[in-house]
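> Here's a structure for you.
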Amino acid sequence: MKLQGNAAKRNSTRFVAGLLAALASFAAGPKAALAAAPQHQDQAPGFYRLKVDLEVTALYDGTRAFDPHWLNGTKAAMDGVVNGLHEDPHMLDVVDTGFLVNNGKQLILVDAGAGNWWGGGALGRLAGSLRSAGYAPEEVDIVLATHLHSDHVGGLTTQDGKRVFPNADVYVAKAESDFWLSSEIAAKAPKDAQRFFQSAQAIAAPYIEAGKWHTFSGSERIVDGMQLVPLPGHTPGHTGYEFSSKGQRILFSGDIVHAQRVQLQHPEVTAVFDIDPTAAAATRQQLLPKLAREDVLIAVPHSSFFPPLGRLRKEGSGYSWVPLVFTDQWDQR
């Protein structure tokens, strides 16, 4: 009986010790588990799909900060930017995006992202996002370039001169192509602008050589259900593309706006990247009220939101952005 009593005591002691250990582990459990698990630094390539009769897929290319010194405006407007940045240092952060349109007959890419041409490594994810969305670069039939800045067309070409979309025909406004691909204009351009000419010429070269570089100068029909929307000022041939189907409209608007949280409220504010700032501001002031009034769905390449799809609403002397709310269901708007 004594042996049994000692065994019982030992069992009781072990039970109490185990219980105390379990309680201690429970109390520290979540912290211990987090400390033991390695952190994952990478995000998966992103895309967002919606249907406006057409299938439209927003393709994430990267996120970057927009330097406030790139904006030009009145003292009051720029003081507001500085004050806003004190309250929110990320106020000017932008998501860069390209868009894939599947009309049931063709795969059409509107802008191709930066590839490796913009520098810094923050951009250049569009091809990965395209694959994540279930498509391959070889499947793209047409690329529509809003303009030839490298953050919009850099994804067309690798830096060793290979076409990323080998079966695609690239379309760009003739005025745009003539400007950036001109060695004479490039030679006279300011030093700060030289890199834009150099990148545009290198990016275009393999498509020109393959006979896949095309220009337009008017209202040519490139894709059924799509019309060209000249948006002068940012660059000489800056162009938007509006798709219509069954009464629904979506405008791929290019760089009419760079910093949403500033330029929608102050359309007169321009960016240093605008070749003709006066014309760029006039285009914005003419287009924004029309888009708000007609309730057009807008796809913007530079946005404070992802997906960068939404509509405009009049707000005071400016406009507010009403983004589509992300949903993991098939989104029809």
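Labels used: A, B, ... for chains in the order of the structure tokens, numbers from 1 for residues in each chain, and numbers from 1 for ligands as shown.
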Do you have, as CSV, the list of residues of range 104-152 of chain A lying at most 12 Å from range 271-287 of chain A, each with its nearest atom pair and that distance in Å to one decimal, counting only C-alpha atoms and ordered by chain then number?


residue,atom,partner,partner_atom,distance
A:His147,CA,A:Asp274,CA,11.6
A:Leu148,CA,A:Phe273,CA,11.9
A:His149,CA,A:Phe273,CA,9.2
A:Ser150,CA,A:Phe273,CA,11.8
A:Asp151,CA,A:Phe273,CA,11.8

> Per DSSP on the backbone, what are the strand (DSSP E) residues of range 85-201 of chain A, as a PDB file with N, CA, C and O atoms, in the first residue's frame?


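Writing done, so here's out_14.pdb:
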ATOM      1  N   ASP A  93       2.008  57.843 -52.356  1.00  0.00           N
ATOM      2  CA  ASP A  93       2.365  56.513 -52.850  1.00  0.00           C
ATOM      3  C   ASP A  93       1.391  56.090 -53.942  1.00  0.00           C
ATOM      4  O   ASP A  93       0.183  56.327 -53.836  1.00  0.00           O
ATOM      5  N   VAL A  94       1.907  55.478 -54.992  1.00  0.00           N
ATOM      6  CA  VAL A  94       1.046  55.064 -56.097  1.00  0.00           C
ATOM      7  C   VAL A  94       1.318  53.616 -56.472  1.00  0.00           C
ATOM      8  O   VAL A  94       2.443  53.137 -56.407  1.00  0.00           O
ATOM      9  N   VAL A  95       0.242  52.931 -56.864  1.00  0.00           N
ATOM     10  CA  VAL A  95       0.338  51.595 -57.437  1.00  0.00           C
ATOM     11  C   VAL A  95       0.396  51.741 -58.948  1.00  0.00           C
ATOM     12  O   VAL A  95      -0.421  52.453 -59.537  1.00  0.00           O
ATOM     13  N   ASP A  96       1.366  51.097 -59.578  1.00  0.00           N
ATOM     14  CA  ASP A  96       1.466  51.122 -61.037  1.00  0.00           C
ATOM     15  C   ASP A  96       0.829  49.853 -61.608  1.00  0.00           C
ATOM     16  O   ASP A  96       1.075  48.748 -61.107  1.00  0.00           O
ATOM     17  N   THR A  97       0.046  50.019 -62.670  1.00  0.00           N
ATOM     18  CA  THR A  97      -0.782  48.931 -63.169  1.00  0.00           C
ATOM     19  C   THR A  97      -0.871  48.956 -64.690  1.00  0.00           C
ATOM     20  O   THR A  97      -0.863  50.021 -65.309  1.00  0.00           O
ATOM     21  N   GLY A  98      -0.962  47.777 -65.292  1.00  0.00           N
ATOM     22  CA  GLY A  98      -1.363  47.623 -66.685  1.00  0.00           C
ATOM     23  C   GLY A  98      -2.678  46.861 -66.709  1.00  0.00           C
ATOM     24  O   GLY A  98      -3.137  46.355 -65.675  1.00  0.00           O
ATOM     25  N   PHE A  99      -3.311  46.763 -67.863  1.00  0.00           N
ATOM     26  CA  PHE A  99      -4.634  46.148 -67.936  1.00  0.00           C
ATOM     27  C   PHE A  99      -4.720  45.200 -69.125  1.00  0.00           C
ATOM     28  O   PHE A  99      -4.276  45.528 -70.227  1.00  0.00           O
ATOM     29  N   LEU A 100      -5.320  44.045 -68.884  1.00  0.00           N
ATOM     30  CA  LEU A 100      -5.539  43.068 -69.947  1.00  0.00           C
ATOM     31  C   LEU A 100      -7.031  43.020 -70.257  1.00  0.00           C
ATOM     32  O   LEU A 100      -7.858  42.867 -69.354  1.00  0.00           O
ATOM     33  N   VAL A 101      -7.369  43.147 -71.536  1.00  0.00           N
ATOM     34  CA  VAL A 101      -8.757  43.089 -71.983  1.00  0.00           C
ATOM     35  C   VAL A 101      -8.923  41.843 -72.849  1.00  0.00           C
ATOM     36  O   VAL A 101      -8.207  41.665 -73.836  1.00  0.00           O
ATOM     37  N   ASN A 102      -9.862  40.997 -72.472  1.00  0.00           N
ATOM     38  CA  ASN A 102     -10.200  39.815 -73.262  1.00  0.00           C
ATOM     39  C   ASN A 102     -11.594  40.042 -73.821  1.00  0.00           C
ATOM     40  O   ASN A 102     -12.587  40.029 -73.083  1.00  0.00           O
ATOM     41  N   LEU A 107      -6.627  39.045 -77.041  1.00  0.00           N
ATOM     42  CA  LEU A 107      -6.101  39.507 -75.765  1.00  0.00           C
ATOM     43  C   LEU A 107      -5.367  40.817 -76.016  1.00  0.00           C
ATOM     44  O   LEU A 107      -4.415  40.864 -76.801  1.00  0.00           O
ATOM     45  N   ILE A 108      -5.830  41.874 -75.352  1.00  0.00           N
ATOM     46  CA  ILE A 108      -5.321  43.221 -75.594  1.00  0.00           C
ATOM     47  C   ILE A 108      -4.745  43.767 -74.291  1.00  0.00           C
ATOM     48  O   ILE A 108      -5.451  43.849 -73.275  1.00  0.00           O
ATOM     49  N   LEU A 109      -3.479  44.124 -74.306  1.00  0.00           N
ATOM     50  CA  LEU A 109      -2.822  44.689 -73.136  1.00  0.00           C
ATOM     51  C   LEU A 109      -2.736  46.197 -73.297  1.00  0.00           C
ATOM     52  O   LEU A 109      -2.234  46.694 -74.312  1.00  0.00           O
ATOM     53  N   VAL A 110      -3.257  46.927 -72.319  1.00  0.00           N
ATOM     54  CA  VAL A 110      -3.147  48.385 -72.321  1.00  0.00           C
ATOM     55  C   VAL A 110      -2.037  48.769 -71.351  1.00  0.00           C
ATOM     56  O   VAL A 110      -2.182  48.641 -70.137  1.00  0.00           O
ATOM     57  N   ILE A 142      -2.357  42.084 -78.914  1.00  0.00           N
ATOM     58  CA  ILE A 142      -2.209  43.513 -79.184  1.00  0.00           C
ATOM     59  C   ILE A 142      -1.784  44.214 -77.902  1.00  0.00           C
ATOM     60  O   ILE A 142      -2.286  43.900 -76.816  1.00  0.00           O
ATOM     61  N   VAL A 143      -0.862  45.160 -78.031  1.00  0.00           N
ATOM     62  CA  VAL A 143      -0.533  46.067 -76.930  1.00  0.00           C
ATOM     63  C   VAL A 143      -0.879  47.481 -77.373  1.00  0.00           C
ATOM     64  O   VAL A 143      -0.430  47.940 -78.437  1.00  0.00           O
ATOM     65  N   LEU A 144      -1.687  48.159 -76.575  1.00  0.00           N
ATOM     66  CA  LEU A 144      -2.031  49.553 -76.808  1.00  0.00           C
ATOM     67  C   LEU A 144      -1.244  50.399 -75.811  1.00  0.00           C
ATOM     68  O   LEU A 144      -1.428  50.268 -74.602  1.00  0.00           O
ATOM     69  N   ASP A 169       1.238  42.737 -81.635  1.00  0.00           N
ATOM     70  CA  ASP A 169       1.434  43.961 -82.397  1.00  0.00           C
ATOM     71  C   ASP A 169       1.234  45.139 -81.457  1.00  0.00           C
ATOM     72  O   ASP A 169       0.241  45.192 -80.718  1.00  0.00           O
ATOM     73  N   VAL A 170       2.180  46.083 -81.491  1.00  0.00           N
ATOM     74  CA  VAL A 170       2.136  47.242 -80.598  1.00  0.00           C
ATOM     75  C   VAL A 170       1.606  48.445 -81.371  1.00  0.00           C
ATOM     76  O   VAL A 170       2.058  48.728 -82.497  1.00  0.00           O
ATOM     77  N   TYR A 171       0.650  49.161 -80.758  1.00  0.00           N
ATOM     78  CA  TYR A 171       0.056  50.342 -81.384  1.00  0.00           C
ATOM     79  C   TYR A 171       0.289  51.558 -80.488  1.00  0.00           C
ATOM     80  O   TYR A 171       0.086  51.501 -79.272  1.00  0.00           O
ATOM     81  N   VAL A 172       0.697  52.660 -81.121  1.00  0.00           N
ATOM     82  CA  VAL A 172       0.955  53.904 -80.404  1.00  0.00           C
ATOM     83  C   VAL A 172       0.670  55.058 -81.358  1.00  0.00           C
ATOM     84  O   VAL A 172       0.773  54.909 -82.585  1.00  0.00           O
ATOM     85  N   ALA A 173       0.302  56.206 -80.812  1.00  0.00           N
ATOM     86  CA  ALA A 173       0.016  57.369 -81.652  1.00  0.00           C
ATOM     87  C   ALA A 173       1.258  57.755 -82.456  1.00  0.00           C
ATOM     88  O   ALA A 173       2.391  57.716 -81.946  1.00  0.00           O
TER      89      ALA A 173
END

> Rank A:Ala299, A:Val140, A:Leu291, A:Met226 by their smallest atom-to-atom distance to Leu156 in chain A, using only C-alpha atoms, and report the top residue only.

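The shortest atom-to-atom distance to Leu156 in chain A comes from A:Val140.
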
> Name the closest residue to Gly104 in chain A among the candidates A:Ser183, A:Gly128, A:Ala77, A:Val223; distances are taken between atoms, counting only C-alpha atoms.

A:Val223

> Write out as a ChimeraX atom specification which residues come within 7 Å of Phe197 in chain A when counting only C-alpha atoms, dropping same-chain ones fewer than 5 positions away.

/A:180-181,186

> Go ahead and save the residues from that selection, with C-alpha atoms, as a compact mmCIF listing (two decimals), in the first residue's frame.


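See selection-v8.txt below for the written result:
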# COMPACT_ATOMS: atom_id res chain seq x y z
CA TRP A 180 10.44 59.76 -78.79
CA LEU A 181 12.07 57.79 -81.62
CA ALA A 186 16.57 63.60 -78.61

> Based on the backbone DSSP call, show me all residues of range 45-210 of chain A assigned helix (DSSP H, G or I), as JSON, numbers by chain.

{"A": [68, 69, 70, 75, 76, 77, 78, 79, 80, 81, 82, 83, 84, 85, 86, 87, 126, 127, 128, 129, 130, 131, 132, 137, 138, 139, 150, 151, 152, 153, 154, 155, 156, 174, 175, 176, 177, 178, 179, 180, 183, 184, 185, 186, 187, 188, 191, 192, 193, 194, 195, 196, 197, 198, 199, 200, 201, 202, 203, 204, 205, 206, 207, 208, 209]}

> Would you mind listing what lies within 10 Å of range 132-138 of chain A as a list of chain:residue names, with only C-alpha atoms counted and same-chain residues fewer than 3 positions away left out?

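The residues that qualify are A:Ala44, A:Pro45, A:Gly46, A:Phe47, A:Tyr48, A:Arg49, A:Thr57, A:Ala58, A:Leu59, A:Leu100, A:Leu107, A:Leu109, A:Leu126, A:Ala127, A:Gly128, A:Ser129, A:Asp141, A:Leu156, A:Arg163, A:Val164, A:Phe165, A:Pro166, A:Asn167, A:Ala168.
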
> Taking only C-alpha atoms into account, name the residue in A:Leu50, A:Leu92, A:Ser245, A:Ser219 that is nearest to His69 in chain A.

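Looking at the shortest contact to His69 in chain A, the residue is A:Leu92.
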
> For Gly155 in chain A, please output as JSON, numbers by chain all residues within 7 Å (counting only C-alpha atoms; exclusion window: fewer than 5 positions along the same chain).

{"A": [112, 113, 114, 115, 124]}

> As a ChimeraX atom specification, please: the residues near Phe243 in chain A (cut-off 8 Å, only C-alpha atoms, same-chain neighbours under 6 positions excluded).

/A:225-227,249-251

> Using N, CA, C and O atoms, can you export the residues from the last selection as a JSON list (two decimals), in the first residue's frame?


[["chain", "number", "residue", "atom", "x", "y", "z"],
["A", 225, "GLY", "N", -15.15, 47.83, -81.05],
["A", 225, "GLY", "CA", -15.70, 48.29, -79.78],
["A", 225, "GLY", "C", -14.78, 49.21, -79.00],
["A", 225, "GLY", "O", -15.07, 49.53, -77.84],
["A", 226, "MET", "N", -13.68, 49.65, -79.61],
["A", 226, "MET", "CA", -12.74, 50.53, -78.93],
["A", 226, "MET", "C", -12.53, 51.80, -79.74],
["A", 226, "MET", "O", -12.40, 51.75, -80.96],
["A", 227, "GLN", "N", -12.52, 52.94, -79.06],
["A", 227, "GLN", "CA", -12.22, 54.18, -79.76],
["A", 227, "GLN", "C", -11.03, 54.88, -79.11],
["A", 227, "GLN", "O", -10.79, 54.77, -77.91],
["A", 249, "ARG", "N", -19.15, 51.31, -70.50],
["A", 249, "ARG", "CA", -17.95, 51.99, -70.99],
["A", 249, "ARG", "C", -16.86, 51.94, -69.95],
["A", 249, "ARG", "O", -17.12, 52.12, -68.76],
["A", 250, "ILE", "N", -15.64, 51.72, -70.42],
["A", 250, "ILE", "CA", -14.49, 51.80, -69.54],
["A", 250, "ILE", "C", -13.38, 52.53, -70.29],
["A", 250, "ILE", "O", -13.07, 52.21, -71.44],
["A", 251, "LEU", "N", -12.80, 53.53, -69.64],
["A", 251, "LEU", "CA", -11.74, 54.33, -70.24],
["A", 251, "LEU", "C", -10.41, 54.00, -69.56],
["A", 251, "LEU", "O", -10.28, 54.10, -68.35]]

> Pick out the residues sitting within 8 Å of Val322 in chain A, and hand them over as a ChimeraX atom specification; count only C-alpha atoms, and ignore anything fewer than 3 positions along from it in its own chain.

/A:310-313

> Of the residues A:His266, A:Asn83, A:Met91, A:Thr215, which is the one nearest to Phe305 in chain A, using only C-alpha atoms?

A:Met91
